[in-house]
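So the structure is just underneath, and the comments pick up after that.
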There are 2 protein chains.
Amino acid sequence: MAQSDTVDRILDAAEELFAERGFSETSLRMITSKAKVNLAAVNYHFGSKNALIHAVFARFLTPFSGTLEQAFDELEERCEGQPPTLNDTLWALTESAVRMPQRNERGIAIFMRLLGLAYTQSQGHLRKFLEQEYSQPFSRFMRLLKQATPQLSAVDRYWRIQFMLGATAFTMSSSDALRDILQNKTGVETSVQEIALRLVPFLAAGMQAEKTMLTPPIYGNFSVA
Amino acid sequence: MAQSDTVDRILDAAEELFAERGFSETSLRMITSKAKVNLAAVNYHFGSKNALIHAVFARFLTPFSGTLEQAFDELEERCEGQPPTLNDTLWALTESAVRMPQRNERGIAIFMRLLGLAYTQSQGHLRKFLEQEYSQPFSRFMRLLKQATPQLSAVDRYWRIQFMLGATAFTMSSSDALRDILQNKTGVETSVQEIALRLVPFLAAGMQAEKTMLTPPIYGNFSVA
DNA sequence: TCATGCATCAAACGTATGTTTTAAACAGAT
DNA sequence: ATCTGTTTAAAACATACGTTTGATGCATGA
């Protein structure tokens with residue numbers, strides 16, 4: 001077969017291993033042996049390990065980027081000039097993520113974990129790549145958030161967005177483990193969609209919390225010595 | 001000198017480099033050259049790289065664990081039988097962290113980042129070590145959270161605690177980078193204490209959000225095709 | 001004083017990594 | 001049938017890693 005599925009098999013294996021173990025902790029030999037392809041195939045098709053990492057992200061992020069733009073279009077159209085609410089904006093993002101056609105049911109969880117790792121691990125090349133390739137939908141999301149929370153100062157909004165990002169990336173990235181723990185403790189089954197349903201109200205409430213206090217309520221009562 | 005400062009120099013260098021680059025991405029040679037000690041000193045004094053990682057955490061976490069227990073004692077004492085509120089519980093934790101005696105002004109930031117990495121990076125040995133050594137204050141914090149949110153179902157509380165953890169770990173794990181970005185954009189300086197001041201109200205509001213909706217408000221209106 | 005024990009040092013060990021090279025086989029298009 | 005791009009195979013490359021070794025220095029206590 002001239003056009004085989006070697007590239008996809010490499011991407012599948014890399015995606016899963018990166019999500020499980022991180023980038024530095026995953027060797028090309030692990031990837032190629034899981035994908036059942038030759039070691040040299042990675043450098044042949046992608047050029048380098050870093051380029052493979054980029055390709056893993058691009059395979060998901062490029063179609064997602066399109067879906068998201070479309071969802072934002074519909075959202076703004078429906079609001080007819082008025083800025084969309086925070087809830088609607090968050091739901092537009094969530095819906096786009098959840099509705100993305102997945103290779104398997106763990107697709108979103110795997111990718112959320114990868115996004116978290118991209119932020120967390122100090123992979124300079126990755127951050128640069130993501131900023132260059134996907135700045136447009138990201139900026140648009142930021143603009144919508146800004147319109148939806150005019151009561152916040154720029155600094156407050158900045159940090160609260162980071163808190164939202166953190167809660168989302170962290171939870172989704174360990175959603176498998178968290179689901180298992182919950183099921184062992186209470187027998188309750190949870191889908192990624194249900195996690196999102198619980199997450200959005202949490203985020204919206206946090207985002208719209210009362211203005212940040214500049215001192216803790218009982219500051220000074222905790223003296224240690 | 002029979003009692004040299006080699007051990008502390010290694011711990012200082014390791015702490016800083018781990019926080020900057022992560023564990024796998026930091027080699028013993030980087031650490032020993034930054035600490036200006038011989039390469040073999042790490043294995044001589046600590047036994048292995050993993051044991052060094054544990055020592056870095058223990059140096060901060062052991063005194064912090066004591067401080068935290070004390071803060072919880074005072075908190076419960078002051079409440080005289082009544083369960084402490086969510087706000088007070090979160091502040092007790094935050095205050096204990098912020099008030100820890102630091103080796104330098106970046107001490108908390110560095111250590112928060114390390115805690116974030118401990119969650120994020122898949123260092124099995126680290127997680128095991130932390131669970132074994134510091135399960136007591138962790139369990140106590142969980143119990144306080146449960147008492148402070150009796151209106152939540154166990155499942156809702158479980159997920160919202162994960163959201164809080166995520167927002168905290170993620171933000172702290174990239175706090176240096178986030179601070180730099182904000183400073184470049186707006187010229188605003190931010191201390192770890194200020195981040196905590198902004199984080200706690202966000203968490204408290206999210207934790208106490210209206211009961212989770214079981215369907216998004218406009219579910220079904222986002223059809224893509 | 002001198003032997004003991006800890007600390008430090010340069011050097012090497014074995015292993016694993018990303019990458020490259022060579023060769024050979026294979027499929028489809030011209 | 002020949003050419004082109006794809007894939008496999010095996011091996012080697014240079015480099016970096018964590019760890020170990022054996023010699024050396026050096027303070028302290030007998």
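Note on naming: chains are A, B, ... as they come in the structure tokens, residues start from 1 per chain, ligands start from 1 in the order shown.
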What are the closest atom pairs, with distances in Å to one decimal, for each residue of chain D lying within 9 Å of chain B, using only C-alpha atoms (C1' of nucleotides), rows by chain and rising residue number, as JSON lines?
{"residue": "D:DC17", "atom": "C1'", "partner": "B:Ser27", "partner_atom": "CA", "distance": 7.4}
{"residue": "D:DG18", "atom": "C1'", "partner": "B:Lys49", "partner_atom": "CA", "distance": 7.6}
{"residue": "D:DT19", "atom": "C1'", "partner": "B:Asn43", "partner_atom": "CA", "distance": 7.5}
{"residue": "D:DT20", "atom": "C1'", "partner": "B:Ala40", "partner_atom": "CA", "distance": 8.9}
{"residue": "D:DC26", "atom": "C1'", "partner": "B:Met1", "partner_atom": "CA", "distance": 8.8}
{"residue": "D:DA27", "atom": "C1'", "partner": "B:Ala2", "partner_atom": "CA", "distance": 6.7}
{"residue": "D:DT28", "atom": "C1'", "partner": "B:Ala2", "partner_atom": "CA", "distance": 8.7}
Next on the checklist: Residues of chain C were defined as contacting chain B if any atom lay at most 8 Å from it, counting only C-alpha atoms (C1' of nucleotides); please report them as a PyMOL selection string.
Outcome noted: chain C and resi 6+8-9
Selection export as an mmCIF file, in the first residue's frame, atoms kept: N, CA, C and O atoms (P, O5', C5', C4', C3', O3' and C1' of nucleotides):
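Saved as again-v9.cif:
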data_model
loop_
_atom_site.group_PDB
_atom_site.id
_atom_site.type_symbol
_atom_site.label_atom_id
_atom_site.label_comp_id
_atom_site.auth_asym_id
_atom_site.auth_seq_id
_atom_site.Cartn_x
_atom_site.Cartn_y
_atom_site.Cartn_z
ATOM 1 P P DC C 6 31.544 7.728 59.030
ATOM 2 O "O5'" DC C 6 31.187 9.102 58.320
ATOM 3 C "C5'" DC C 6 31.328 10.311 59.058
ATOM 4 C "C4'" DC C 6 31.889 11.406 58.154
ATOM 5 C "C3'" DC C 6 31.065 11.655 56.880
ATOM 6 O "O3'" DC C 6 30.707 13.021 56.852
ATOM 7 C "C1'" DC C 6 33.378 11.499 56.383
ATOM 8 P P DT C 8 31.043 17.862 50.931
ATOM 9 O "O5'" DT C 8 32.153 17.615 49.830
ATOM 10 C "C5'" DT C 8 33.429 18.240 49.949
ATOM 11 C "C4'" DT C 8 34.374 17.677 48.901
ATOM 12 C "C3'" DT C 8 33.909 17.824 47.451
ATOM 13 O "O3'" DT C 8 34.770 18.740 46.804
ATOM 14 C "C1'" DT C 8 34.864 15.681 47.878
ATOM 15 P P DC C 9 34.319 19.343 45.404
ATOM 16 O "O5'" DC C 9 35.147 18.431 44.386
ATOM 17 C "C5'" DC C 9 36.571 18.363 44.516
ATOM 18 C "C4'" DC C 9 37.116 17.187 43.746
ATOM 19 C "C3'" DC C 9 36.582 17.046 42.329
ATOM 20 O "O3'" DC C 9 37.487 17.658 41.423
ATOM 21 C "C1'" DC C 9 36.794 14.918 43.461
#
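The least-squares superposition of chain B onto chain A, using every Cα atom in order, ends with an RMSD of 0.8 Å.
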Checklist entry - Any idea which chain A residues end up within 6 Å of chain B if we count only C-alpha atoms, as number ranges by chain please? => result A: 21, 122, 163, 166-167, 170, 198, 202, 205-206, 209, 212
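Separating CA of Leu115 in chain B from CA of Ser191 in chain B is a distance of 17.5 Å.
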Next on the checklist: Report as a list in words all protein, DNA and RNA residues lying within 8 Å of range 10-16 of chain D, evaluated on only C-alpha atoms (C1' of nucleotides), omitting residues in the same chain fewer than 6 positions from it.
Outcome noted: DT17, DT19, DT20 and DT21 of chain C
Checklist entry - range 41-217 of chain A: which residues are helix (DSSP H, G or I) by DSSP, as JSON, numbers by chain? => result {"A": [41, 42, 43, 44, 45, 49, 50, 51, 52, 53, 54, 55, 56, 57, 58, 59, 60, 61, 62, 63, 64, 65, 66, 67, 68, 69, 70, 71, 72, 73, 74, 75, 76, 77, 78, 79, 86, 87, 88, 89, 90, 91, 92, 93, 94, 95, 96, 97, 98, 99, 107, 108, 109, 110, 111, 112, 113, 114, 115, 116, 117, 118, 119, 120, 124, 125, 126, 127, 128, 129, 130, 131, 132, 133, 135, 136, 137, 138, 139, 140, 141, 142, 143, 144, 145, 146, 147, 148, 154, 155, 156, 157, 158, 159, 160, 161, 162, 163, 164, 165, 166, 167, 168, 169, 170, 171, 172, 173, 175, 176, 177, 178, 179, 180, 181, 182, 183, 184, 185, 186, 192, 193, 194, 195, 196, 197, 198, 199, 200, 201, 202, 203, 204, 205, 206, 207]}
